[in-house]
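*Asks:* Sharing model-v8.cif here; it has mmCIF, C-alpha atoms.
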data_query
#
loop_
_atom_site.label_atom_id
_atom_site.label_comp_id
_atom_site.auth_asym_id
_atom_site.auth_seq_id
_atom_site.Cartn_x
_atom_site.Cartn_y
_atom_site.Cartn_z
CA ALA A 86 -40.03 -38.60 54.66
CA LEU A 87 -39.07 -34.99 55.21
CA THR A 88 -35.65 -34.15 53.90
CA PHE A 89 -34.99 -30.56 54.86
CA ALA A 90 -31.53 -29.12 54.93
CA ALA A 91 -31.18 -29.11 58.68
CA PRO A 92 -28.36 -27.40 60.56
CA VAL A 93 -26.05 -29.54 62.62
CA VAL A 94 -27.44 -30.10 66.05
CA ALA A 95 -25.24 -31.02 68.97
CA ASP A 96 -24.89 -34.30 70.76
CA GLU A 97 -27.34 -33.88 73.62
CA ASP A 98 -25.30 -35.97 76.02
CA ALA A 99 -21.91 -34.35 75.62
CA GLU A 100 -20.28 -33.08 78.81
CA LEU A 101 -18.04 -30.06 79.11
CA VAL A 102 -14.64 -30.34 80.77
CA ILE A 103 -12.28 -27.45 80.04
CA ASN A 104 -8.55 -28.18 79.61
CA GLY A 105 -9.28 -31.71 80.76
CA ASP A 106 -9.58 -30.22 84.23
CA ILE A 107 -12.41 -27.77 84.94
CA GLU A 108 -15.73 -29.61 85.10
CA ILE A 109 -18.61 -27.47 83.94
CA VAL A 110 -22.20 -28.18 84.95
CA THR A 111 -24.16 -27.57 81.73
CA LYS A 112 -27.33 -29.35 82.86
CA THR A 113 -28.88 -29.43 86.30
CA ALA A 114 -32.14 -29.18 88.22
CA ALA A 115 -33.99 -25.89 87.77
CA PRO A 116 -33.84 -23.48 90.71
CA GLU A 117 -36.85 -23.43 93.03
CA HIS A 118 -38.31 -20.24 91.56
CA LEU A 119 -38.66 -21.92 88.14
CA SER A 120 -40.22 -25.15 89.42
CA ASP A 121 -43.63 -24.38 87.92
CA VAL A 122 -42.22 -23.81 84.42
CA MET A 123 -39.29 -26.20 83.96
CA ASP A 124 -37.46 -29.09 85.63
CA GLU A 125 -34.08 -28.75 84.08
CA ILE A 126 -31.77 -25.91 83.12
CA LEU A 127 -29.29 -26.22 80.28
CA SER A 128 -26.36 -24.11 79.21
CA GLY A 129 -26.36 -22.74 75.68
CA TRP A 130 -23.23 -24.88 75.12
CA ARG A 131 -25.46 -27.97 74.87
CA PHE A 132 -27.27 -26.54 71.87
CA ARG A 133 -24.22 -25.80 69.75
CA SER A 134 -22.58 -27.97 67.10
CA ASP A 135 -19.80 -30.42 67.98
CA GLU A 136 -17.17 -28.12 66.47
CA THR A 137 -18.37 -25.06 68.37
CA GLN A 138 -18.56 -27.11 71.56
CA ALA A 139 -15.02 -28.37 71.07
CA MET A 140 -13.61 -24.84 70.83
CA GLU A 141 -14.60 -24.26 74.42
CA MET A 142 -12.94 -27.41 75.73
CA ASP A 143 -9.41 -26.08 75.43
CA ASP A 144 -8.25 -22.54 76.21
CA PHE A 145 -5.93 -22.60 73.21
CA ASP A 146 -8.89 -23.15 70.91
CA ASN A 147 -11.15 -20.64 72.64
CA PRO A 148 -10.72 -17.20 71.01
CA GLY A 149 -12.55 -15.65 73.97
CA MET A 150 -9.52 -16.44 76.15
CA LEU A 151 -7.52 -13.84 74.22
CA GLY A 152 -9.96 -11.28 75.58
CA ALA A 153 -9.47 -12.66 79.09
CA GLU A 154 -5.71 -12.24 78.66
CA GLU A 155 -6.14 -8.66 77.55
CA GLY A 156 -8.39 -8.18 80.56
CA MET A 157 -5.53 -9.42 82.73
CA ALA A 158 -3.19 -6.86 81.19
CA LEU A 159 -5.78 -4.11 81.79
CA PHE A 160 -6.10 -5.25 85.38
CA GLU A 161 -2.42 -4.57 85.93
CA ALA A 162 -2.19 -1.33 83.97
CA SER A 163 -2.85 2.04 85.57
CA TRP A 164 -5.58 4.15 84.03
CA GLY A 165 -6.90 7.53 85.02
CA SER A 166 -5.56 10.53 86.93
CA GLU A 167 -4.88 8.69 90.21
CA GLY A 168 -2.21 6.53 88.59
CA LYS A 169 -3.80 3.40 90.00
CA ALA A 170 -4.30 -0.09 88.59
CA CYS A 171 -7.06 -2.51 89.59
CA ALA A 172 -4.25 -4.69 90.92
CA ASP A 173 -3.25 -1.96 93.41
CA CYS A 174 -6.45 -2.54 95.36
CA HIS A 175 -7.45 -6.06 94.36
CA ASP A 176 -5.12 -8.89 95.16
CA GLY A 177 -5.14 -10.45 91.69
CA PRO A 178 -8.20 -11.63 89.76
CA GLU A 179 -8.39 -14.73 91.99
CA SER A 180 -9.43 -12.47 94.85
CA LEU A 181 -12.46 -11.61 92.70
CA SER A 182 -13.33 -15.22 91.80
CA GLU A 183 -16.70 -14.99 93.58
CA VAL A 184 -17.79 -12.07 91.45
CA ARG A 185 -18.99 -13.60 88.18
CA ALA A 186 -21.21 -16.16 89.91
CA THR A 187 -22.90 -13.65 92.22
CA TYR A 188 -23.48 -10.60 90.01
CA PRO A 189 -25.73 -8.70 89.40
CA LYS A 190 -25.78 -8.05 93.13
CA TRP A 191 -27.25 -5.56 95.56
CA ASN A 192 -24.76 -2.89 96.64
CA GLU A 193 -25.73 -1.62 100.06
CA GLY A 194 -23.79 1.63 99.91
CA ALA A 195 -25.15 2.62 96.53
CA GLY A 196 -28.64 1.30 97.25
CA GLU A 197 -28.88 -0.40 93.86
CA VAL A 198 -28.41 -3.69 92.08
CA ARG A 199 -25.11 -3.53 90.22
CA THR A 200 -23.83 -5.51 87.29
CA ILE A 201 -20.10 -6.23 87.09
CA GLN A 202 -19.71 -3.43 84.56
CA MET A 203 -21.47 -0.93 86.83
CA GLN A 204 -19.13 -1.90 89.67
CA VAL A 205 -16.03 -1.64 87.49
CA ASN A 206 -17.18 1.77 86.30
CA ASP A 207 -17.59 2.81 89.91
CA CYS A 208 -14.00 1.76 90.63
CA LEU A 209 -12.83 3.55 87.49
CA THR A 210 -14.58 6.83 88.20
CA THR A 211 -14.55 7.14 91.99
CA LYS A 212 -11.25 5.42 92.78
CA MET A 213 -9.03 5.76 89.75
CA GLY A 214 -9.94 9.15 88.33
CA ALA A 215 -10.70 7.54 84.97
CA ASP A 216 -13.62 8.05 82.62
CA ALA A 217 -16.47 5.57 82.73
CA GLU A 218 -16.26 2.91 80.04
CA LYS A 219 -19.14 2.57 77.63
CA TYR A 220 -21.39 -0.37 78.41
CA ASP A 221 -20.19 -3.56 76.67
CA SER A 222 -17.10 -1.78 75.33
CA GLY A 223 -14.20 -3.97 74.27
CA LYS A 224 -12.27 -3.15 77.46
CA MET A 225 -15.24 -3.90 79.69
CA LEU A 226 -15.83 -7.23 77.99
CA ASN A 227 -12.16 -8.14 78.30
CA LEU A 228 -12.26 -7.39 82.03
CA GLU A 229 -15.48 -9.35 82.34
CA ALA A 230 -13.98 -12.27 80.40
CA MET A 231 -11.03 -12.24 82.80
CA LEU A 232 -13.33 -12.22 85.85
CA ALA A 233 -15.40 -15.04 84.31
CA SER A 234 -12.36 -17.13 83.43
CA VAL A 235 -11.16 -17.23 87.05
CA ALA A 236 -14.66 -18.26 88.15
CA ARG A 237 -15.22 -21.11 85.71
CA GLY A 238 -16.78 -24.14 87.32
CA THR A 239 -18.32 -22.29 90.24
CA PRO A 240 -22.13 -22.45 90.34
CA VAL A 241 -24.07 -19.34 89.39
CA ASN A 242 -25.72 -18.15 92.57
CA VAL A 243 -27.30 -14.72 92.35
CA THR A 244 -29.44 -13.51 95.24
CA ILE A 245 -33.01 -12.73 94.31
CA ASP A 246 -34.60 -11.89 97.65
CA GLY A 247 -34.06 -9.15 100.21
CA PRO A 248 -33.24 -5.77 98.73
CA ALA A 249 -32.73 -7.29 95.25
CA ALA A 250 -36.30 -8.59 95.09
CA ALA A 251 -37.89 -5.54 93.45
CA THR A 252 -35.29 -5.47 90.69
CA TRP A 253 -35.70 -9.21 90.18
CA GLU A 254 -39.48 -8.82 89.85
CA GLN A 255 -38.98 -6.06 87.30
CA GLY A 256 -36.67 -8.32 85.31
CA LYS A 257 -39.16 -11.16 85.47
CA GLU A 258 -41.89 -8.93 84.11
CA ILE A 259 -39.68 -7.89 81.20
CA TYR A 260 -38.84 -11.55 80.51
CA TYR A 261 -42.50 -12.40 80.06
CA THR A 262 -43.54 -9.27 78.15
CA ARG A 263 -44.35 -9.80 74.49
CA TYR A 264 -42.49 -7.00 72.76
CA GLY A 265 -42.58 -5.61 69.27
CA GLN A 266 -44.61 -6.16 66.18
CA LEU A 267 -43.93 -9.90 66.38
CA GLU A 268 -45.27 -9.90 69.97
CA LEU A 269 -42.67 -12.32 71.31
CA SER A 270 -41.31 -12.54 74.84
CA CYS A 271 -38.02 -14.05 75.92
CA ALA A 272 -40.10 -16.92 77.32
CA ASN A 273 -41.82 -17.58 73.97
CA CYS A 274 -38.47 -18.48 72.45
CA HIS A 275 -36.30 -19.63 75.37
CA GLU A 276 -38.85 -21.26 77.70
CA ASP A 277 -41.62 -22.50 75.37
CA ASN A 278 -39.43 -23.43 72.40
CA TYR A 279 -35.91 -24.31 73.50
CA GLY A 280 -34.69 -27.33 71.57
CA ASN A 281 -36.72 -26.30 68.53
CA LEU A 282 -35.31 -24.81 65.38
CA ILE A 283 -36.36 -21.29 64.49
CA ARG A 284 -35.23 -21.10 60.89
CA ALA A 285 -31.58 -22.24 61.07
CA ASP A 286 -31.12 -21.45 64.76
CA HIS A 287 -31.35 -24.12 67.42
CA LEU A 288 -33.06 -22.35 70.31
CA SER A 289 -31.38 -22.65 73.69
CA GLN A 290 -32.75 -21.57 77.04
CA GLY A 291 -31.06 -18.18 76.61
CA GLN A 292 -28.93 -18.69 79.72
CA ILE A 293 -26.15 -16.22 80.52
CA ASN A 294 -23.78 -18.44 82.52
CA GLY A 295 -21.45 -18.42 79.49
CA PHE A 296 -21.09 -14.66 79.16
CA PRO A 297 -19.26 -12.88 77.82
CA THR A 298 -19.52 -15.10 74.77
CA TYR A 299 -17.19 -15.14 71.81
CA ARG A 300 -19.51 -15.39 68.80
CA LEU A 301 -18.22 -16.87 65.58
CA LYS A 302 -20.81 -14.74 63.81
CA ASN A 303 -19.17 -11.42 64.69
CA ALA A 304 -15.76 -12.75 65.80
CA LYS A 305 -15.64 -10.89 69.12
CA LEU A 306 -16.72 -11.03 72.72
CA ASN A 307 -20.39 -10.14 73.26
CA GLY A 308 -21.97 -8.87 76.45
CA THR A 309 -25.30 -9.93 77.94
CA HIS A 310 -26.98 -6.58 77.36
CA SER A 311 -25.95 -6.50 73.71
CA ARG A 312 -27.38 -10.00 73.32
CA PHE A 313 -30.64 -8.95 74.99
CA LYS A 314 -30.76 -5.95 72.67
CA GLY A 315 -30.34 -8.16 69.61
CA CYS A 316 -33.05 -10.57 70.73
CA ILE A 317 -35.52 -7.75 71.43
CA ARG A 318 -34.66 -6.09 68.12
CA ASP A 319 -35.49 -9.38 66.40
CA THR A 320 -39.08 -9.09 67.66
CA ARG A 321 -39.34 -5.86 65.64
CA ALA A 322 -39.42 -3.87 68.85
CA GLU A 323 -37.90 -0.65 70.11
CA THR A 324 -35.07 -2.04 72.23
CA PHE A 325 -33.68 -0.92 75.58
CA SER A 326 -30.05 0.22 75.76
CA PRO A 327 -27.12 -1.70 77.21
CA GLY A 328 -26.68 -0.49 80.78
CA SER A 329 -30.30 0.67 81.10
CA PRO A 330 -32.16 -0.10 84.34
CA GLU A 331 -34.40 -2.45 82.35
CA PHE A 332 -31.45 -4.54 81.16
CA VAL A 333 -29.83 -4.53 84.61
CA ALA A 334 -33.07 -5.96 86.01
CA LEU A 335 -33.36 -8.43 83.14
CA GLU A 336 -29.77 -9.55 83.67
CA LEU A 337 -30.45 -10.29 87.32
CA TYR A 338 -33.57 -12.24 86.43
CA VAL A 339 -32.00 -14.21 83.56
CA ALA A 340 -28.91 -14.94 85.68
CA SER A 341 -31.20 -16.34 88.40
CA ARG A 342 -32.76 -18.73 85.89
CA GLY A 343 -29.27 -20.21 85.60
CA ASN A 344 -28.61 -20.56 89.34
CA GLY A 345 -26.87 -23.94 89.59
CA LEU A 346 -25.18 -23.96 86.17
CA SER A 347 -21.44 -23.35 86.21
CA VAL A 348 -19.87 -20.07 85.23
CA GLU A 349 -18.57 -20.91 81.77
CA GLY A 350 -17.38 -17.64 80.26
CA PRO A 351 -15.77 -16.66 78.09
CA SER A 352 -17.78 -19.21 76.11
CA VAL A 353 -17.94 -19.87 72.37
CA ARG A 354 -21.21 -19.62 70.48
CA ASN A 355 -22.23 -19.23 66.88
CA MET B 162 -89.64 -4.70 47.99
CA LYS B 163 -88.32 -1.25 48.83
CA ARG B 164 -86.30 -2.82 51.60
CA ILE B 165 -84.63 -5.33 49.31
CA ALA B 166 -83.75 -2.54 46.91
CA THR B 167 -81.98 -0.56 49.62
CA THR B 168 -80.04 -3.61 50.75
CA PHE B 169 -78.98 -4.18 47.20
CA ALA B 170 -77.84 -0.59 46.87
CA ALA B 171 -75.87 -0.95 50.12
CA LEU B 172 -74.21 -4.11 48.83
CA CYS B 173 -73.14 -2.34 45.65
CA LEU B 174 -71.63 0.37 47.77
CA THR B 175 -69.66 -2.15 49.83
CA ALA B 176 -68.47 -3.81 46.68
CA THR B 177 -67.04 -0.56 45.34
CA ALA B 178 -65.53 0.28 48.71
CA ALA B 179 -63.98 -3.19 48.94
CA THR B 180 -61.69 -2.53 46.00
CA ALA B 181 -60.12 0.05 48.32
CA GLU B 182 -59.16 -2.79 50.74
CA VAL B 183 -60.27 -3.59 54.27
CA ALA B 184 -58.01 -1.65 56.66
CA PRO B 185 -56.19 -3.65 59.41
CA THR B 186 -58.39 -1.98 62.04
CA ASP B 187 -61.62 -2.83 60.18
CA VAL B 188 -61.22 -6.60 59.74
CA ALA B 189 -64.34 -8.46 60.91
CA PHE B 190 -63.71 -11.78 62.69
CA GLU B 191 -66.19 -14.53 63.39
CA ASP B 192 -64.85 -17.35 65.56
CA GLY B 193 -61.33 -16.49 64.49
CA ALA B 194 -62.22 -16.57 60.79
CA VAL B 195 -62.44 -13.71 58.28
CA ALA B 196 -65.01 -14.41 55.58
CA LEU B 197 -64.34 -11.68 53.05
CA SER B 198 -61.22 -11.18 50.97
CA LEU B 199 -59.27 -8.17 52.25
CA THR B 200 -58.83 -6.94 48.68
CA GLY B 201 -62.15 -8.04 47.25
CA SER B 202 -60.42 -10.48 44.93
CA ALA B 203 -58.55 -13.79 45.05
CA GLY B 204 -54.83 -13.93 45.76
CA ASN B 205 -52.02 -15.41 43.71
CA ALA B 206 -50.78 -18.71 45.14
CA ASP B 207 -47.33 -18.51 43.52
CA GLU B 208 -46.74 -15.13 45.10
CA GLY B 209 -48.01 -16.54 48.38
CA ARG B 210 -45.41 -19.30 48.31
CA LYS B 211 -42.65 -16.73 47.80
CA ILE B 212 -43.95 -14.57 50.67
CA MET B 213 -44.11 -17.53 53.04
CA THR B 214 -40.65 -18.80 52.26
CA SER B 215 -38.57 -15.64 52.05
CA LYS B 216 -36.88 -14.27 55.12
CA SER B 217 -37.39 -10.64 54.13
CA SER B 218 -41.13 -11.14 53.70
CA GLY B 219 -43.64 -13.34 55.56
CA ASN B 220 -40.88 -15.71 56.69
CA CYS B 221 -43.43 -18.32 57.80
CA VAL B 222 -40.76 -20.96 57.08
CA SER B 223 -38.80 -19.80 60.12
CA CYS B 224 -41.47 -21.46 62.29
CA HIS B 225 -43.27 -23.87 59.94
CA SER B 226 -41.94 -26.67 57.81
CA ALA B 227 -43.77 -28.30 54.90
CA ASP B 228 -42.98 -30.92 52.28
CA ALA B 229 -44.67 -28.58 49.82
CA TYR B 230 -41.71 -26.19 50.01
CA ALA B 231 -38.98 -28.72 50.79
CA ASP B 232 -36.73 -27.02 48.23
CA VAL B 233 -36.37 -24.04 50.60
CA PRO B 234 -33.63 -24.63 53.25
CA PHE B 235 -33.93 -24.30 57.04
CA HIS B 236 -37.47 -25.01 58.12
CA GLY B 237 -38.38 -24.07 61.67
CA GLU B 238 -40.12 -26.31 64.20
CA VAL B 239 -41.96 -23.78 66.34
CA GLY B 240 -45.34 -24.17 64.58
CA PRO B 241 -47.14 -27.19 63.10
CA ILE B 242 -46.19 -28.67 59.71
CA LEU B 243 -48.35 -26.92 57.14
CA ASP B 244 -48.93 -29.76 54.68
CA GLY B 245 -52.69 -30.37 54.67
CA ALA B 246 -53.56 -26.96 56.15
CA GLY B 247 -55.83 -26.32 53.14
CA SER B 248 -57.86 -29.40 54.07
CA ARG B 249 -57.91 -28.79 57.81
CA TRP B 250 -59.16 -25.22 57.54
CA THR B 251 -61.60 -23.26 55.42
CA GLN B 252 -60.40 -20.30 53.40
CA ALA B 253 -62.02 -17.93 55.91
CA GLU B 254 -60.25 -19.65 58.80
CA LEU B 255 -56.89 -19.49 57.05
CA ARG B 256 -57.40 -15.78 56.36
CA GLY B 257 -58.23 -15.25 60.03
CA LEU B 258 -55.11 -17.21 61.06
CA VAL B 259 -52.82 -15.06 58.93
CA VAL B 260 -54.51 -11.75 59.83
CA ASN B 261 -54.41 -12.45 63.57
CA PRO B 262 -53.98 -16.03 64.86
CA LYS B 263 -54.58 -14.87 68.43
CA MET B 264 -58.30 -14.76 67.55
CA MET B 265 -58.17 -18.53 66.99
CA PHE B 266 -55.38 -19.65 69.34
CA GLU B 267 -55.29 -17.48 72.42
CA GLY B 268 -51.75 -16.62 73.43
CA THR B 269 -50.14 -18.30 70.42
CA VAL B 270 -46.54 -17.35 69.61
CA MET B 271 -47.52 -16.85 65.96
CA PRO B 272 -47.49 -13.16 65.04
CA ALA B 273 -50.48 -11.28 63.58
CA PHE B 274 -49.64 -10.34 60.01
CA TYR B 275 -52.37 -7.78 59.37
CA LYS B 276 -52.52 -5.69 62.50
CA VAL B 277 -51.13 -2.24 63.30
CA ASP B 278 -51.92 -1.51 66.93
CA GLY B 279 -51.95 -2.99 70.43
CA TYR B 280 -48.19 -3.58 70.50
CA THR B 281 -45.73 -3.12 73.38
CA ARG B 282 -42.74 -1.03 72.23
CA PRO B 283 -43.30 -1.58 68.52
CA GLY B 284 -40.16 -0.99 66.46
CA ASP B 285 -39.32 0.24 62.99
CA ALA B 286 -38.76 -3.19 61.37
CA TYR B 287 -35.44 -4.65 62.63
CA THR B 288 -33.68 -1.37 63.42
CA GLY B 289 -34.37 -1.48 67.16
CA LYS B 290 -35.72 2.08 66.89
CA ALA B 291 -39.26 3.16 67.73
CA ALA B 292 -41.96 2.48 65.15
CA PRO B 293 -43.21 5.32 62.95
CA ALA B 294 -46.71 6.60 63.80
CA ASP B 295 -48.13 4.96 60.68
CA LEU B 296 -46.65 1.50 61.31
CA PRO B 297 -47.54 -0.72 58.33
CA PRO B 298 -48.83 -4.28 58.97
CA LEU B 299 -46.32 -7.12 58.44
CA LEU B 300 -48.06 -8.06 55.20
CA THR B 301 -50.25 -5.96 52.90
CA ALA B 302 -53.85 -6.96 52.23
CA ALA B 303 -52.84 -8.32 48.83
CA GLN B 304 -49.98 -10.34 50.35
CA VAL B 305 -52.35 -11.86 52.93
CA GLU B 306 -54.65 -12.95 50.10
CA ASP B 307 -51.68 -14.41 48.21
CA VAL B 308 -50.65 -16.41 51.30
CA VAL B 309 -54.22 -17.62 51.83
CA ALA B 310 -54.38 -18.71 48.18
CA TYR B 311 -51.17 -20.72 48.61
CA LEU B 312 -52.28 -22.28 51.90
CA MET B 313 -55.47 -23.44 50.13
CA THR B 314 -53.28 -25.47 47.75
CA LEU B 315 -51.71 -27.39 50.67
CA THR B 316 -54.37 -30.10 50.67
CA ASP B 317 -54.15 -33.77 51.69
CA GLU B 318 -54.27 -35.88 48.56
#
Write out the structure in this file as structure tokens.

*Replies:*
Amino acid sequence: ALTFAAPVVADEDAELVINGDIEIVTKTAAPEHLSDVMDEILSGWRFRSDETQAMEMDDFDNPGMLGAEEGMALFEASWGSEGKACADCHDGPESLSEVRATYPKWNEGAGEVRTIQMQVNDCLTTKMGADAEKYDSGKMLNLEAMLASVARGTPVNVTIDGPAAATWEQGKEIYYTRYGQLELSCANCHEDNYGNLIRADHLSQGQINGFPTYRLKNAKLNGTHSRFKGCIRDTRAETFSPGSPEFVALELYVASRGNGLSVEGPSVRN
Amino acid sequence: MKRIATTFAALCLTATAATAEVAPTDVAFEDGAVALSLTGSAGNADEGRKIMTSKSSGNCVSCHSADAYADVPFHGEVGPILDGAGSRWTQAELRGLVVNPKMMFEGTVMPAFYKVDGYTRPGDAYTGKAAPADLPPLLTAAQVEDVVAYLMTLTDE
């Protein structure tokens, strides 16, 4: 028999309920647009070890919630020359509880698909007289964690048709492109091989319903674009930058592959 | 007779040139296999084992497991188990598989280890930056031969 030192793999049937209260859908039928490639979509939570899974079941054990709390403090603080706080215009984070599940989203006025961070930067620069935050900066991720935390349990539901369709198609093309000297696409790892080990890593479907994620590996919140960058770098490729049009399109496409899973961020991953 | 003599002379020439290695762009495939050694000589199986099992080198273990290197931790499951590969394939086929497995298995996820062009956004190793103009192959000709030599030892008893 084969006796390799195998990493701990999670209980495939575990269910996620946060604080004994918020039920999280971590497994459901694939959205219509994926029907020719997979039947079922699974959150990355299902692929993690029992201990990592447990950290997400209680806000006191989830280090990502500290970021959400800091995000809450930022929401109430005034930044920039106009002396305004987010809370001056937005009636508490709960008034923004639809946001995490529906972004990236087409913005009619701007004529572009916007990620949450692009929208927050627009509020910062055009409404608050503040400087734009760097993409995936600590502050941005704390705000994002806060917006995710108030949306936990709601199903991801990004719109892929209408004016968002062209961006979605661009993201889909990137998802299936085999980049770098290893010539690997997102799909090669996260569609063709999820459930398999690649070295010590148990491959998930690469879903982003849990973002931002607190990673035990670097002990901080991580944004989707930084994760995409890391995965592309690992194919020995020249990456795209966080905030680039390519990653905005890819975020919309990857988010749409998780339509139906619950918003789960800030999640805990290894 | 004259004809044979010229062929012989040509062969000698190739033999001398072969010590200078077959370049990644000059590898000749036949049905996915590569008949001639890339270096003109046989590889070292012990070196091949090290290349296959170390993360900083060939890192084949990240996708392939094998009883033959069970002492190395964390075997991947993306590719087939390699025990018996030396019985399933000829040496030429194994060389072809390591040089560029896409010539044997169209669309395979396995990377080509002796190839330098035809990439989309090639990078400079794992830096995320653009590749230099003279991007080296993942393995040198000698390393490919070492890996092939080791794979040949993975026979079914």

*Asks:* I'd like a table as JSON lines: residues in chain B with an atom no more than 9 Å from chain A, each row giving the shortest atom pair and its distance in Å to one decimal, all atoms listed in the file counted, sorted by chain and rising residue number.

*Replies:*
{"residue": "B:Asn220", "atom": "CA", "partner": "A:Arg284", "partner_atom": "CA", "distance": 8.9}
{"residue": "B:Val222", "atom": "CA", "partner": "A:Arg284", "partner_atom": "CA", "distance": 6.7}
{"residue": "B:Ser223", "atom": "CA", "partner": "A:Arg284", "partner_atom": "CA", "distance": 3.9}
{"residue": "B:Cys224", "atom": "CA", "partner": "A:Ile283", "partner_atom": "CA", "distance": 5.6}
{"residue": "B:His225", "atom": "CA", "partner": "A:Arg284", "partner_atom": "CA", "distance": 8.6}
{"residue": "B:Ser226", "atom": "CA", "partner": "A:Phe89", "partner_atom": "CA", "distance": 8.5}
{"residue": "B:Ala227", "atom": "CA", "partner": "A:Leu87", "partner_atom": "CA", "distance": 8.2}
{"residue": "B:Asp228", "atom": "CA", "partner": "A:Leu87", "partner_atom": "CA", "distance": 6.4}
{"residue": "B:Ala231", "atom": "CA", "partner": "A:Phe89", "partner_atom": "CA", "distance": 6.0}
{"residue": "B:Asp232", "atom": "CA", "partner": "A:Phe89", "partner_atom": "CA", "distance": 7.7}
{"residue": "B:Val233", "atom": "CA", "partner": "A:Phe89", "partner_atom": "CA", "distance": 7.9}
{"residue": "B:Pro234", "atom": "CA", "partner": "A:Ala90", "partner_atom": "CA", "distance": 5.2}
{"residue": "B:Phe235", "atom": "CA", "partner": "A:Ala285", "partner_atom": "CA", "distance": 5.1}
{"residue": "B:His236", "atom": "CA", "partner": "A:Arg284", "partner_atom": "CA", "distance": 5.3}
{"residue": "B:Gly237", "atom": "CA", "partner": "A:Arg284", "partner_atom": "CA", "distance": 4.4}
{"residue": "B:Glu238", "atom": "CA", "partner": "A:Leu282", "partner_atom": "CA", "distance": 5.2}
{"residue": "B:Val239", "atom": "CA", "partner": "A:Asn281", "partner_atom": "CA", "distance": 6.2}
{"residue": "B:Val270", "atom": "CA", "partner": "A:Asn273", "partner_atom": "CA", "distance": 6.4}
{"residue": "B:Met271", "atom": "CA", "partner": "A:Leu267", "partner_atom": "CA", "distance": 7.8}
{"residue": "B:Pro272", "atom": "CA", "partner": "A:Leu267", "partner_atom": "CA", "distance": 5.0}
{"residue": "B:Ala273", "atom": "CA", "partner": "A:Leu267", "partner_atom": "CA", "distance": 7.3}
{"residue": "B:Phe274", "atom": "CA", "partner": "A:Leu267", "partner_atom": "CA", "distance": 8.6}
{"residue": "B:Lys276", "atom": "CA", "partner": "A:Gln266", "partner_atom": "CA", "distance": 8.7}
{"residue": "B:Val277", "atom": "CA", "partner": "A:Gln266", "partner_atom": "CA", "distance": 8.1}
{"residue": "B:Asp278", "atom": "CA", "partner": "A:Gln266", "partner_atom": "CA", "distance": 8.7}
{"residue": "B:Tyr280", "atom": "CA", "partner": "A:Gly265", "partner_atom": "CA", "distance": 6.1}
{"residue": "B:Thr281", "atom": "CA", "partner": "A:Tyr264", "partner_atom": "CA", "distance": 5.1}
{"residue": "B:Arg282", "atom": "CA", "partner": "A:Glu323", "partner_atom": "CA", "distance": 5.3}
{"residue": "B:Pro283", "atom": "CA", "partner": "A:Gly265", "partner_atom": "CA", "distance": 4.2}
{"residue": "B:Gly284", "atom": "CA", "partner": "A:Ala322", "partner_atom": "CA", "distance": 3.8}
{"residue": "B:Asp285", "atom": "CA", "partner": "A:Arg321", "partner_atom": "CA", "distance": 6.7}
{"residue": "B:Ala286", "atom": "CA", "partner": "A:Arg321", "partner_atom": "CA", "distance": 5.1}
{"residue": "B:Tyr287", "atom": "CA", "partner": "A:Arg321", "partner_atom": "CA", "distance": 5.1}
{"residue": "B:Thr288", "atom": "CA", "partner": "A:Arg318", "partner_atom": "CA", "distance": 6.7}
{"residue": "B:Gly289", "atom": "CA", "partner": "A:Glu323", "partner_atom": "CA", "distance": 4.7}
{"residue": "B:Lys290", "atom": "CA", "partner": "A:Glu323", "partner_atom": "CA", "distance": 4.8}
{"residue": "B:Ala291", "atom": "CA", "partner": "A:Glu323", "partner_atom": "CA", "distance": 4.7}
{"residue": "B:Ala292", "atom": "CA", "partner": "A:Glu323", "partner_atom": "CA", "distance": 7.1}
{"residue": "B:Pro298", "atom": "CA", "partner": "A:Gln266", "partner_atom": "CA", "distance": 8.6}
{"residue": "B:Leu299", "atom": "CA", "partner": "A:Gln266", "partner_atom": "CA", "distance": 8.0}

*Asks:* Which of these residues is nearest to His118 of chain A, using all atoms listed in the file: A:Leu228, A:Ile245, A:Ala99, A:Met140?

*Replies:*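 Smallest separation from His118 of chain A among the options: A:Ile245.
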
*Asks:* Residues at most 10 Å from Glu331 of chain A, counting only C-alpha atoms, excluding those fewer than 4 positions away in the same chain, as a PyMOL selection string?

*Replies:* chain A and resi 252+255-256+259+310+325-327+335-336

*Asks:* Return as JSON, numbers by chain the set of residues that the PyMOL selection byres ((chain A and resi 141) around 10) yields on the displayed structure.

*Replies:* {"A": [101, 102, 103, 104, 130, 136, 137, 138, 139, 140, 142, 143, 144, 145, 146, 147, 148, 149, 150, 299, 349, 350, 351, 352, 353, 354]}

*Asks:* Find the distance between atom CA of Gly105 of chain A and atom CA of Leu301 of chain A and write it in Å to one decimal.

*Replies:*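 Distance reported for this atom pair: 23.0 Å.
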
*Asks:* Taking 3 positions as the minimum chain separation for residues in the same chain, which residues sit within 8 Å of Val235 of chain A when counting all atoms listed in the file? Answer as a list in words.

*Replies:*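 Near neighbours after the sequence-gap exclusion: Pro178, Glu179, Ser182, Met231 and Leu232 of chain A.
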
*Asks:* The residues within 8 Å of (-44.6, -10.3, 50.0), using only C-alpha atoms and the coordinates of the file, should be reported as a list in words; which are they?

*Replies:*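 Counting only C-alpha atoms, I find these residues within 8 Å of (-44.6, -10.3, 50.0): Glu208, Gly209, Lys211, Ile212, Met213, Ser218, Gly219, Leu300, Thr301 and Gln304 of chain B.
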
*Asks:* List the residues selected by the PyMOL selection byres ((chain A and resi 219-225) around 7) in the file shown, writing them as a list of chain:residue names.

*Replies:*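 Checking the PyMOL selection byres ((chain A and resi 219-225) around 7) against this file, the residues are A:Gln202, A:Ala217, A:Glu218, A:Leu226, A:Asn227, A:Leu228, A:Glu229, A:Gly308, A:Pro327, A:Gly328.
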